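First comes the structure, then the notes that go with it.
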There are 2 protein chains.
Amino acid sequence: MPKLPARERATPRATSARPQPAAGSRGKRAAVRTAPKSRNAKSAATHAAIIDAALDEFAARGFAATRLDDVARRAGVAKGTIYVHFRDKETLFEELVRTALGPLLRGLEETPVADVPLRAFVEGLADHFVKEILGTRRKHIVRLIVTEGARFPSLAQIYYREVIKRAMVVVRGAVERAIARGEIEGDTLQRFPQLFVAPGILALVWDMLFARFEPLDAGALMRAQVDLVFAAIGKRRK
Amino acid sequence: MPKLPARERATPRATSARPQPAAGSRGKRAAVRTAPKSRNAKSAATHAAIIDAALDEFAARGFAATRLDDVARRAGVAKGTIYVHFRDKETLFEELVRTALGPLLRGLEETPVADVPLRAFVEGLADHFVKEILGTRRKHIVRLIVTEGARFPSLAQIYYREVIKRAMVVVRGAVERAIARGEIEGDTLQRFPQLFVAPGILALVWDMLFARFEPLDAGALMRAQVDLVFAAIGKRRK
DNA sequence: TAATTATGACTGACCAGTCAGTCATTATAC
DNA sequence: GTATAATGACTGACTGGTCAGTCATAATTA
């Protein structure tokens, strides 16, 4: 039986040698080399290394096709170790996504909710989305939610509760204040705050599928949308 | 080892009995009951039944987690039969998607490219997208491309060539003519025709993940976007 | 030493893909 | 028209590779 084509063997990224595991992110070995960390610290490092490796593998292959053997190898750890830290494959996956949610949220919360003009606020959001999500490994998290979320209702739920809902509240609040201030008119944006992210999601999916045929500048796309929106509903030309 | 949660046993849809296979879509048995089809016709029907069943299974579980045993059962056919019609699982999957591309395209081609005002043209497109794709089983095809496309480069390529590229050409053409006619101004839409579909893709993903928490009216969202766009770049208020 | 953490060979369920054989249909011979 | 042969779609038990999860043992730390 030929191997499933969808699951070629893991390509230990860039460098060939597996023996010295992931020089960059401190795996078990690194811990041994440096100061003898406390048990807790070492254990925490191992935990992190596994999550780190799992992100790479899940992002590249999807949940079902990812082998824990590969995750273990990439993390520089034996397979059994994974089961010391996580109940099973699914738990690892969910914890991985949940862990990555914090940083996603922080960006949102740190955005000045103050009374900057709506346009500046929204441009800041778009910018943040492009730089801090699409421009980093965090984008894999969002991709995983898009591609696997339907199969993991609990994940979709958490993501909705912790990210989507909050983001919508923040944006709607900003929109309302802008209306009160007389910056914009109409209720379109209150009804559909999603219109601000739509280009971002499209860019994410596009990049996933079609980047090699025709690259798409996510930043430019989002800026174009913001331009359109404010040209449309801003009270008279700026 | 507990079963993967992502793969509950297939639920032979609605009716319980498997003995009389898929009363609706004519399977082998149906052929016996009605006029004795020719070998060719029966074979074609089986082929179609397998693709039909495969769409349901792949859509529900994704490529990797779908079992051909389930596809066979759902199609009312023995597993071996699948291999009479398709080389392997991957071929079945790709052929399934490719088969469904035609209808997707036809909609595009049948759209009157004539010289209707751009706004009417775009509204027609949005409407078509909502009714003929999001509103039918075809949406599963688009979902599969979104969720599995990254793992099937050949599929992404075909989809890009056969759908995306053509659609972009059509839309860009319409935009250019509208500019020539003096309907709109600016080059935003020529640079980013994607802005028209972005809300559609967002709606698709949203529906996949968050519909149960907060339904999203795809049609309304797309109409809102069209409103914004034309409020922004239409030459003076209509 | 005791407790915690890590190891990796091992097990068994699972499932893609196979193949020898069945049977209805079509073609040919009489 | 009838008998016989050829065809090939269909079947489903079977095989072998794969991989999640286990556990007895080893290493490390306090």
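Just remember, in the structure tokens the first chain shown is A, the second B, etc., residues are 1-based per chain, and ligands are 1-based in the order shown.
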Write out as a PDB file with N, CA, C and O atoms (P, O5', C5', C4', C3', O3' and C1' of nucleotides), in the first residue's frame each polymer residue whose atoms come within 10 Å of DT7 of chain C, counting only C-alpha atoms (C1' of nucleotides); drop sequence neighbours fewer than 5 positions from it.
```
ATOM      1  N   VAL A  77      12.228  15.083  21.375  1.00  0.00           N
ATOM      2  CA  VAL A  77      11.636  14.465  22.554  1.00  0.00           C
ATOM      3  C   VAL A  77      11.107  13.093  22.142  1.00  0.00           C
ATOM      4  O   VAL A  77      10.871  12.845  20.977  1.00  0.00           O
ATOM      5  N   ALA A  78      10.978  12.178  23.065  1.00  0.00           N
ATOM      6  CA  ALA A  78      10.417  10.877  22.712  1.00  0.00           C
ATOM      7  C   ALA A  78       8.899  10.960  22.677  1.00  0.00           C
ATOM      8  O   ALA A  78       8.305  11.842  23.301  1.00  0.00           O
ATOM      9  N   LYS A  79       8.304  10.056  21.914  1.00  0.00           N
ATOM     10  CA  LYS A  79       6.854  10.153  21.764  1.00  0.00           C
ATOM     11  C   LYS A  79       6.133  10.094  23.104  1.00  0.00           C
ATOM     12  O   LYS A  79       5.188  10.842  23.358  1.00  0.00           O
ATOM     13  N   GLY A  80       6.599   9.202  23.967  1.00  0.00           N
ATOM     14  CA  GLY A  80       5.952   9.063  25.264  1.00  0.00           C
ATOM     15  C   GLY A  80       5.889  10.380  26.026  1.00  0.00           C
ATOM     16  O   GLY A  80       4.937  10.631  26.773  1.00  0.00           O
ATOM     17  N   THR A  81       6.880  11.211  25.821  1.00  0.00           N
ATOM     18  CA  THR A  81       6.928  12.491  26.534  1.00  0.00           C
ATOM     19  C   THR A  81       5.709  13.350  26.228  1.00  0.00           C
ATOM     20  O   THR A  81       5.208  14.065  27.092  1.00  0.00           O
TER      21      THR A  81
ATOM     22  P    DT D  25      10.258  -3.921  33.880  1.00  0.00           P
ATOM     23  O5'  DT D  25      11.199  -2.704  33.457  1.00  0.00           O
ATOM     24  C5'  DT D  25      11.695  -2.637  32.118  1.00  0.00           C
ATOM     25  C4'  DT D  25      12.451  -1.343  31.950  1.00  0.00           C
ATOM     26  C3'  DT D  25      13.504  -1.061  33.037  1.00  0.00           C
ATOM     27  O3'  DT D  25      14.765  -0.908  32.411  1.00  0.00           O
ATOM     28  C1'  DT D  25      12.194   0.856  32.598  1.00  0.00           C
ATOM     29  P    DA D  26      16.082  -0.580  33.267  1.00  0.00           P
ATOM     30  O5'  DA D  26      16.338   0.947  32.921  1.00  0.00           O
ATOM     31  C5'  DA D  26      16.318   1.369  31.549  1.00  0.00           C
ATOM     32  C4'  DA D  26      16.510   2.872  31.503  1.00  0.00           C
ATOM     33  C3'  DA D  26      17.656   3.389  32.378  1.00  0.00           C
ATOM     34  O3'  DA D  26      18.396   4.310  31.604  1.00  0.00           O
ATOM     35  C1'  DA D  26      15.647   4.517  32.921  1.00  0.00           C
ATOM     36  P    DA D  27      19.778   4.864  32.139  1.00  0.00           P
ATOM     37  O5'  DA D  27      19.398   6.391  32.413  1.00  0.00           O
ATOM     38  C5'  DA D  27      18.846   7.170  31.357  1.00  0.00           C
ATOM     39  C4'  DA D  27      18.342   8.465  31.934  1.00  0.00           C
ATOM     40  C3'  DA D  27      19.364   9.242  32.776  1.00  0.00           C
ATOM     41  O3'  DA D  27      19.456  10.542  32.233  1.00  0.00           O
ATOM     42  C1'  DA D  27      17.303   9.040  33.945  1.00  0.00           C
TER      43       DA D  27
END
```
For Phe93 of chain B, list every protein, DNA or RNA residue within 12 Å, evaluated using only C-alpha atoms (C1' of nucleotides), and leave out those in the same chain fewer than 6 positions away; present the list as a PyMOL selection string.
(chain A and resi 6) or (chain B and resi 50-59+62-64+66-68+71+82+86-87+99-100+141+144-145+148-149+151-152+154-155)
Find the residues of chain D in contact range of chain A, meaning any atom within 9 Å when counting only C-alpha atoms (C1' of nucleotides), and list them as a PyMOL selection string.
chain D and resi 16-22+28-29
Moved chain A, fitted on chain B by every C-alpha in sequence order, as an mmCIF file with C-alpha atoms, in the first residue's frame:
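Everything below was put into selection.cif:
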```
data_model
loop_
_atom_site.group_PDB
_atom_site.id
_atom_site.type_symbol
_atom_site.label_atom_id
_atom_site.label_comp_id
_atom_site.auth_asym_id
_atom_site.auth_seq_id
_atom_site.Cartn_x
_atom_site.Cartn_y
_atom_site.Cartn_z
ATOM 1 C CA MET A 1 -7.368 2.422 21.441
ATOM 2 C CA PRO A 2 -10.414 4.632 21.380
ATOM 3 C CA LYS A 3 -11.647 5.720 18.010
ATOM 4 C CA LEU A 4 -10.578 9.096 16.805
ATOM 5 C CA PRO A 5 -13.258 11.495 17.906
ATOM 6 C CA ALA A 6 -12.985 13.274 14.604
ATOM 7 C CA ARG A 7 -14.261 10.257 12.787
ATOM 8 C CA GLU A 8 -17.464 9.083 14.296
ATOM 9 C CA ARG A 9 -19.099 6.451 12.269
ATOM 10 C CA ALA A 10 -20.919 7.739 9.267
ATOM 11 C CA THR A 11 -24.500 8.631 10.007
ATOM 12 C CA PRO A 12 -26.515 7.374 7.062
ATOM 13 C CA ARG A 13 -28.432 10.531 6.611
ATOM 14 C CA ALA A 14 -31.913 10.842 8.049
ATOM 15 C CA THR A 15 -33.337 7.402 7.391
ATOM 16 C CA SER A 16 -31.770 4.525 9.239
ATOM 17 C CA ALA A 17 -31.900 1.701 6.769
ATOM 18 C CA ARG A 18 -28.796 1.187 4.668
ATOM 19 C CA PRO A 19 -30.090 -1.883 2.782
ATOM 20 C CA GLN A 20 -32.094 0.213 0.396
ATOM 21 C CA PRO A 21 -29.416 2.681 -0.575
ATOM 22 C CA ALA A 22 -30.059 6.373 -0.977
ATOM 23 C CA ALA A 23 -33.551 6.148 -2.395
ATOM 24 C CA GLY A 24 -33.211 9.576 -3.936
ATOM 25 C CA SER A 25 -30.089 9.471 -6.045
ATOM 26 C CA ARG A 26 -30.261 6.476 -8.271
ATOM 27 C CA GLY A 27 -27.708 4.011 -7.005
ATOM 28 C CA LYS A 28 -27.125 0.526 -8.352
ATOM 29 C CA ARG A 29 -30.338 -0.834 -6.854
ATOM 30 C CA ALA A 30 -32.471 1.828 -8.423
ATOM 31 C CA ALA A 31 -31.037 0.887 -11.767
ATOM 32 C CA VAL A 32 -32.118 -2.700 -11.264
ATOM 33 C CA ARG A 33 -35.625 -1.670 -10.294
ATOM 34 C CA THR A 34 -36.287 0.543 -13.273
ATOM 35 C CA ALA A 35 -35.785 -0.075 -16.924
ATOM 36 C CA PRO A 36 -32.664 -2.206 -17.444
ATOM 37 C CA LYS A 37 -30.318 0.541 -18.426
ATOM 38 C CA SER A 38 -27.598 -0.131 -20.905
ATOM 39 C CA ARG A 39 -24.234 -1.110 -19.535
ATOM 40 C CA ASN A 40 -22.855 2.306 -20.186
ATOM 41 C CA ALA A 41 -25.732 4.055 -18.542
ATOM 42 C CA LYS A 42 -25.574 1.846 -15.486
ATOM 43 C CA SER A 43 -21.865 2.240 -15.187
ATOM 44 C CA ALA A 44 -22.231 5.990 -15.508
ATOM 45 C CA ALA A 45 -24.924 5.978 -12.856
ATOM 46 C CA THR A 46 -22.682 4.046 -10.491
ATOM 47 C CA HIS A 47 -19.872 6.480 -11.182
ATOM 48 C CA ALA A 48 -22.154 9.374 -10.380
ATOM 49 C CA ALA A 49 -23.521 7.706 -7.261
ATOM 50 C CA ILE A 50 -20.012 7.242 -5.924
ATOM 51 C CA ILE A 51 -19.091 10.859 -6.572
ATOM 52 C CA ASP A 52 -22.307 11.949 -4.979
ATOM 53 C CA ALA A 53 -21.715 9.893 -1.867
ATOM 54 C CA ALA A 54 -18.086 10.960 -1.733
ATOM 55 C CA LEU A 55 -19.093 14.611 -1.697
ATOM 56 C CA ASP A 56 -21.204 14.053 1.386
ATOM 57 C CA GLU A 57 -18.532 12.125 3.191
ATOM 58 C CA PHE A 58 -15.612 14.351 2.298
ATOM 59 C CA ALA A 59 -17.627 17.434 3.136
ATOM 60 C CA ALA A 60 -18.515 16.065 6.552
ATOM 61 C CA ARG A 61 -15.129 14.633 7.547
ATOM 62 C CA GLY A 62 -12.440 16.069 5.345
ATOM 63 C CA PHE A 63 -10.166 14.056 3.090
ATOM 64 C CA ALA A 64 -8.003 12.206 5.574
ATOM 65 C CA ALA A 65 -10.752 11.140 7.938
ATOM 66 C CA THR A 66 -13.142 9.887 5.273
ATOM 67 C CA ARG A 67 -13.334 6.119 4.958
ATOM 68 C CA LEU A 68 -13.982 4.623 1.554
ATOM 69 C CA ASP A 69 -16.029 1.938 3.238
ATOM 70 C CA ASP A 70 -18.476 4.651 4.196
ATOM 71 C CA VAL A 71 -18.469 6.162 0.757
ATOM 72 C CA ALA A 72 -19.219 2.750 -0.696
ATOM 73 C CA ARG A 73 -22.014 2.089 1.777
ATOM 74 C CA ARG A 74 -23.579 5.459 1.125
ATOM 75 C CA ALA A 75 -23.372 4.920 -2.609
ATOM 76 C CA GLY A 76 -24.964 1.495 -2.218
ATOM 77 C CA VAL A 77 -21.964 -0.200 -3.727
ATOM 78 C CA ALA A 78 -19.163 -2.508 -2.626
ATOM 79 C CA LYS A 79 -15.818 -1.003 -1.809
ATOM 80 C CA GLY A 80 -14.126 -2.738 -4.704
ATOM 81 C CA THR A 81 -16.482 -0.974 -7.080
ATOM 82 C CA ILE A 82 -14.941 2.330 -6.170
ATOM 83 C CA TYR A 83 -11.666 0.991 -7.487
ATOM 84 C CA VAL A 84 -13.335 0.001 -10.722
ATOM 85 C CA HIS A 85 -14.161 3.648 -11.301
ATOM 86 C CA PHE A 86 -11.320 5.505 -9.600
ATOM 87 C CA ARG A 87 -7.629 4.758 -9.258
ATOM 88 C CA ASP A 88 -7.438 5.634 -5.572
ATOM 89 C CA LYS A 89 -8.850 7.813 -2.842
ATOM 90 C CA GLU A 90 -6.995 10.889 -3.953
ATOM 91 C CA THR A 91 -8.125 10.515 -7.549
ATOM 92 C CA LEU A 92 -11.702 10.180 -6.411
ATOM 93 C CA PHE A 93 -11.378 13.334 -4.371
ATOM 94 C CA GLU A 94 -9.823 15.339 -7.157
ATOM 95 C CA GLU A 95 -12.214 14.098 -9.774
ATOM 96 C CA LEU A 96 -15.092 14.959 -7.481
ATOM 97 C CA VAL A 97 -13.981 18.535 -7.164
ATOM 98 C CA ARG A 98 -13.110 18.817 -10.821
ATOM 99 C CA THR A 99 -16.495 17.466 -11.833
ATOM 100 C CA ALA A 100 -18.203 20.091 -9.712
ATOM 101 C CA LEU A 101 -16.212 22.892 -11.265
ATOM 102 C CA GLY A 102 -18.181 22.895 -14.489
ATOM 103 C CA PRO A 103 -21.460 24.027 -12.934
ATOM 104 C CA LEU A 104 -19.574 26.660 -10.974
ATOM 105 C CA LEU A 105 -18.178 28.023 -14.182
ATOM 106 C CA ARG A 106 -21.354 27.833 -16.154
ATOM 107 C CA GLY A 107 -22.963 30.333 -13.842
ATOM 108 C CA LEU A 108 -20.162 32.733 -14.524
ATOM 109 C CA GLU A 109 -20.322 32.296 -18.252
ATOM 110 C CA GLU A 110 -24.071 32.601 -18.464
ATOM 111 C CA THR A 111 -24.042 35.897 -16.648
ATOM 112 C CA PRO A 112 -24.866 38.605 -19.186
ATOM 113 C CA VAL A 113 -21.512 40.182 -19.948
ATOM 114 C CA ALA A 114 -23.405 42.658 -22.032
ATOM 115 C CA ASP A 115 -23.432 46.297 -21.175
ATOM 116 C CA VAL A 116 -25.628 46.301 -18.186
ATOM 117 C CA PRO A 117 -24.570 48.905 -15.649
ATOM 118 C CA LEU A 118 -21.736 47.630 -13.475
ATOM 119 C CA ARG A 119 -23.872 47.795 -10.405
ATOM 120 C CA ALA A 120 -26.543 45.567 -11.871
ATOM 121 C CA PHE A 121 -23.880 43.185 -13.100
ATOM 122 C CA VAL A 122 -22.256 42.929 -9.713
ATOM 123 C CA GLU A 123 -25.557 42.547 -7.936
ATOM 124 C CA GLY A 124 -26.340 39.709 -10.299
ATOM 125 C CA LEU A 125 -23.053 38.037 -9.452
ATOM 126 C CA ALA A 126 -23.583 38.373 -5.730
ATOM 127 C CA ASP A 127 -27.088 37.058 -6.069
ATOM 128 C CA HIS A 128 -25.906 34.149 -8.107
ATOM 129 C CA PHE A 129 -23.197 33.361 -5.596
ATOM 130 C CA VAL A 130 -25.658 33.308 -2.739
ATOM 131 C CA LYS A 131 -28.393 31.372 -4.490
ATOM 132 C CA GLU A 132 -26.437 28.959 -6.618
ATOM 133 C CA ILE A 133 -23.454 28.255 -4.426
ATOM 134 C CA LEU A 134 -24.084 29.077 -0.804
ATOM 135 C CA GLY A 135 -27.653 27.910 -1.186
ATOM 136 C CA THR A 136 -26.875 24.503 -2.645
ATOM 137 C CA ARG A 137 -24.628 21.516 -2.104
ATOM 138 C CA ARG A 138 -22.099 23.294 -4.293
ATOM 139 C CA LYS A 139 -21.063 25.207 -1.247
ATOM 140 C CA HIS A 140 -19.465 22.018 0.041
ATOM 141 C CA ILE A 141 -17.185 22.024 -2.954
ATOM 142 C CA VAL A 142 -15.976 25.503 -2.189
ATOM 143 C CA ARG A 143 -15.586 24.536 1.454
ATOM 144 C CA LEU A 144 -13.513 21.538 0.489
ATOM 145 C CA ILE A 145 -11.273 23.697 -1.614
ATOM 146 C CA VAL A 146 -10.817 26.082 1.273
ATOM 147 C CA THR A 147 -10.182 23.408 3.871
ATOM 148 C CA GLU A 148 -8.199 20.902 1.815
ATOM 149 C CA GLY A 149 -6.781 22.991 -0.982
ATOM 150 C CA ALA A 150 -3.506 23.663 0.761
ATOM 151 C CA ARG A 151 -2.892 19.906 0.917
ATOM 152 C CA PHE A 152 -3.806 19.379 -2.738
ATOM 153 C CA PRO A 153 -1.779 21.801 -4.806
ATOM 154 C CA SER A 154 -3.058 20.352 -8.052
ATOM 155 C CA LEU A 155 -6.616 21.105 -6.968
ATOM 156 C CA ALA A 156 -5.797 24.628 -5.939
ATOM 157 C CA GLN A 157 -4.133 25.109 -9.280
ATOM 158 C CA ILE A 158 -7.074 23.838 -11.276
ATOM 159 C CA TYR A 159 -9.462 25.905 -9.235
ATOM 160 C CA TYR A 160 -7.328 28.968 -9.784
ATOM 161 C CA ARG A 161 -7.044 28.396 -13.508
ATOM 162 C CA GLU A 162 -10.605 27.378 -14.154
ATOM 163 C CA VAL A 163 -12.530 29.577 -11.779
ATOM 164 C CA ILE A 164 -10.612 32.343 -10.060
ATOM 165 C CA LYS A 165 -8.637 33.567 -13.033
ATOM 166 C CA ARG A 166 -11.591 33.534 -15.377
ATOM 167 C CA ALA A 167 -13.817 35.238 -12.852
ATOM 168 C CA MET A 168 -11.228 37.930 -12.337
ATOM 169 C CA VAL A 169 -10.980 38.509 -16.062
ATOM 170 C CA VAL A 170 -14.728 38.825 -16.379
ATOM 171 C CA VAL A 171 -15.040 41.200 -13.447
ATOM 172 C CA ARG A 172 -12.068 43.312 -14.477
ATOM 173 C CA GLY A 173 -13.517 43.595 -17.967
ATOM 174 C CA ALA A 174 -16.830 44.757 -16.591
ATOM 175 C CA VAL A 175 -15.077 47.270 -14.361
ATOM 176 C CA GLU A 176 -13.078 48.661 -17.250
ATOM 177 C CA ARG A 177 -16.128 49.107 -19.383
ATOM 178 C CA ALA A 178 -17.878 50.821 -16.509
ATOM 179 C CA ILE A 179 -14.996 53.222 -16.191
ATOM 180 C CA ALA A 180 -15.046 53.890 -19.924
ATOM 181 C CA ARG A 181 -18.758 54.565 -19.656
ATOM 182 C CA GLY A 182 -18.057 56.948 -16.828
ATOM 183 C CA GLU A 183 -20.000 54.989 -14.268
ATOM 184 C CA ILE A 184 -17.265 54.803 -11.693
ATOM 185 C CA GLU A 185 -13.947 56.397 -10.900
ATOM 186 C CA GLY A 186 -10.697 55.243 -9.364
ATOM 187 C CA ASP A 187 -8.693 52.078 -9.955
ATOM 188 C CA THR A 188 -9.423 50.260 -6.707
ATOM 189 C CA LEU A 189 -11.683 47.673 -8.254
ATOM 190 C CA GLN A 190 -9.330 46.920 -11.081
ATOM 191 C CA ARG A 191 -6.557 46.306 -8.638
ATOM 192 C CA PHE A 192 -8.704 44.334 -6.228
ATOM 193 C CA PRO A 193 -11.691 42.689 -7.855
ATOM 194 C CA GLN A 194 -11.435 40.327 -4.891
ATOM 195 C CA LEU A 195 -13.232 42.918 -2.819
ATOM 196 C CA PHE A 196 -16.479 41.744 -4.334
ATOM 197 C CA VAL A 197 -16.112 38.150 -3.165
ATOM 198 C CA ALA A 198 -14.454 38.824 0.157
ATOM 199 C CA PRO A 199 -17.767 39.031 1.997
ATOM 200 C CA GLY A 200 -18.908 35.869 0.264
ATOM 201 C CA ILE A 201 -15.880 33.937 1.460
ATOM 202 C CA LEU A 202 -16.193 35.374 4.920
ATOM 203 C CA ALA A 203 -19.821 34.280 4.989
ATOM 204 C CA LEU A 204 -18.850 30.797 3.873
ATOM 205 C CA VAL A 205 -16.255 30.443 6.622
ATOM 206 C CA TRP A 206 -18.514 32.058 9.188
ATOM 207 C CA ASP A 207 -21.299 29.689 8.347
ATOM 208 C CA MET A 208 -18.935 26.758 8.649
ATOM 209 C CA LEU A 209 -17.768 27.767 12.110
ATOM 210 C CA PHE A 210 -20.097 30.145 13.856
ATOM 211 C CA ALA A 211 -23.528 29.775 12.332
ATOM 212 C CA ARG A 212 -24.885 28.096 15.442
ATOM 213 C CA PHE A 213 -23.812 30.974 17.685
ATOM 214 C CA GLU A 214 -24.748 33.851 15.461
ATOM 215 C CA PRO A 215 -26.151 33.322 12.005
ATOM 216 C CA LEU A 216 -24.925 35.607 9.280
ATOM 217 C CA ASP A 217 -27.029 36.579 6.289
ATOM 218 C CA ALA A 218 -24.628 36.162 3.408
ATOM 219 C CA GLY A 219 -26.905 37.888 0.958
ATOM 220 C CA ALA A 220 -27.351 40.933 3.140
ATOM 221 C CA LEU A 221 -23.630 41.094 3.800
ATOM 222 C CA MET A 222 -22.795 41.021 0.128
ATOM 223 C CA ARG A 223 -25.452 43.591 -0.679
ATOM 224 C CA ALA A 224 -24.066 45.846 2.028
ATOM 225 C CA GLN A 225 -20.645 45.592 0.478
ATOM 226 C CA VAL A 226 -21.967 46.426 -2.960
ATOM 227 C CA ASP A 227 -23.765 49.413 -1.504
ATOM 228 C CA LEU A 228 -20.584 50.610 0.120
ATOM 229 C CA VAL A 229 -18.533 50.160 -2.992
ATOM 230 C CA PHE A 230 -20.905 52.093 -5.179
ATOM 231 C CA ALA A 231 -21.540 54.771 -2.640
ATOM 232 C CA ALA A 232 -17.799 55.229 -2.578
ATOM 233 C CA ILE A 233 -16.826 55.183 -6.211
ATOM 234 C CA GLY A 234 -20.022 55.719 -8.156
ATOM 235 C CA LYS A 235 -19.857 59.125 -9.802
ATOM 236 C CA ARG A 236 -22.014 61.226 -7.464
ATOM 237 C CA ARG A 237 -25.054 59.755 -5.818
ATOM 238 C CA LYS A 238 -27.198 57.725 -8.082
#
```
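One finds atom C1' of DT22 of chain C at 11.6 Å from atom C1' of DG8 of chain D.
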Could you write out as a PDB file with N, CA, C and O atoms (P, O5', C5', C4', C3', O3' and C1' of nucleotides), in the first residue's frame the residues of chain C within 7 Å of chain A, counting only C-alpha atoms (C1' of nucleotides)?
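Dumped to part-v6.pdb:
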```pdb
ATOM      1  P    DA C   6       9.807  15.859  31.022  1.00  0.00           P
ATOM      2  O5'  DA C   6      10.514  14.511  30.585  1.00  0.00           O
ATOM      3  C5'  DA C   6      11.938  14.433  30.719  1.00  0.00           C
ATOM      4  C4'  DA C   6      12.409  13.122  30.147  1.00  0.00           C
ATOM      5  C3'  DA C   6      11.953  12.864  28.704  1.00  0.00           C
ATOM      6  O3'  DA C   6      13.104  12.527  27.938  1.00  0.00           O
ATOM      7  C1'  DA C   6      11.428  11.008  30.080  1.00  0.00           C
ATOM      8  P    DT C   7      12.963  12.228  26.374  1.00  0.00           P
ATOM      9  O5'  DT C   7      12.917  10.647  26.362  1.00  0.00           O
ATOM     10  C5'  DT C   7      14.005   9.939  26.974  1.00  0.00           C
ATOM     11  C4'  DT C   7      13.762   8.455  26.815  1.00  0.00           C
ATOM     12  C3'  DT C   7      13.354   8.023  25.407  1.00  0.00           C
ATOM     13  O3'  DT C   7      14.327   7.133  24.908  1.00  0.00           O
ATOM     14  C1'  DT C   7      11.983   7.005  27.056  1.00  0.00           C
ATOM     15  P    DG C   8      14.777   7.224  23.379  1.00  0.00           P
ATOM     16  O5'  DG C   8      14.129   5.873  22.845  1.00  0.00           O
ATOM     17  C5'  DG C   8      14.318   4.672  23.577  1.00  0.00           C
ATOM     18  C4'  DG C   8      13.247   3.666  23.192  1.00  0.00           C
ATOM     19  C3'  DG C   8      12.796   3.733  21.731  1.00  0.00           C
ATOM     20  O3'  DG C   8      12.435   2.429  21.322  1.00  0.00           O
ATOM     21  C1'  DG C   8      10.952   4.014  23.071  1.00  0.00           C
ATOM     22  P    DA C  16      -9.484   4.513   4.116  1.00  0.00           P
ATOM     23  O5'  DA C  16      -8.437   4.445   2.920  1.00  0.00           O
ATOM     24  C5'  DA C  16      -7.148   5.012   3.103  1.00  0.00           C
ATOM     25  C4'  DA C  16      -6.134   4.261   2.278  1.00  0.00           C
ATOM     26  C3'  DA C  16      -6.482   4.097   0.804  1.00  0.00           C
ATOM     27  O3'  DA C  16      -5.285   4.184   0.049  1.00  0.00           O
ATOM     28  C1'  DA C  16      -6.337   1.948   1.807  1.00  0.00           C
ATOM     29  P    DG C  17      -5.328   4.316  -1.530  1.00  0.00           P
ATOM     30  O5'  DG C  17      -5.219   2.811  -1.995  1.00  0.00           O
ATOM     31  C5'  DG C  17      -4.016   2.111  -1.655  1.00  0.00           C
ATOM     32  C4'  DG C  17      -4.212   0.647  -1.897  1.00  0.00           C
ATOM     33  C3'  DG C  17      -4.772   0.251  -3.271  1.00  0.00           C
ATOM     34  O3'  DG C  17      -3.869  -0.689  -3.826  1.00  0.00           O
ATOM     35  C1'  DG C  17      -5.858  -0.933  -1.569  1.00  0.00           C
TER      36       DG C  17
END
```
Can you list every residue in segment 25-154 of chain A that DSSP puts in helix (DSSP H, G or I), as a ChimeraX atom specification?
/A:28-33,39-61,68-75,79-85,89-110,118-134,138-151,153-154
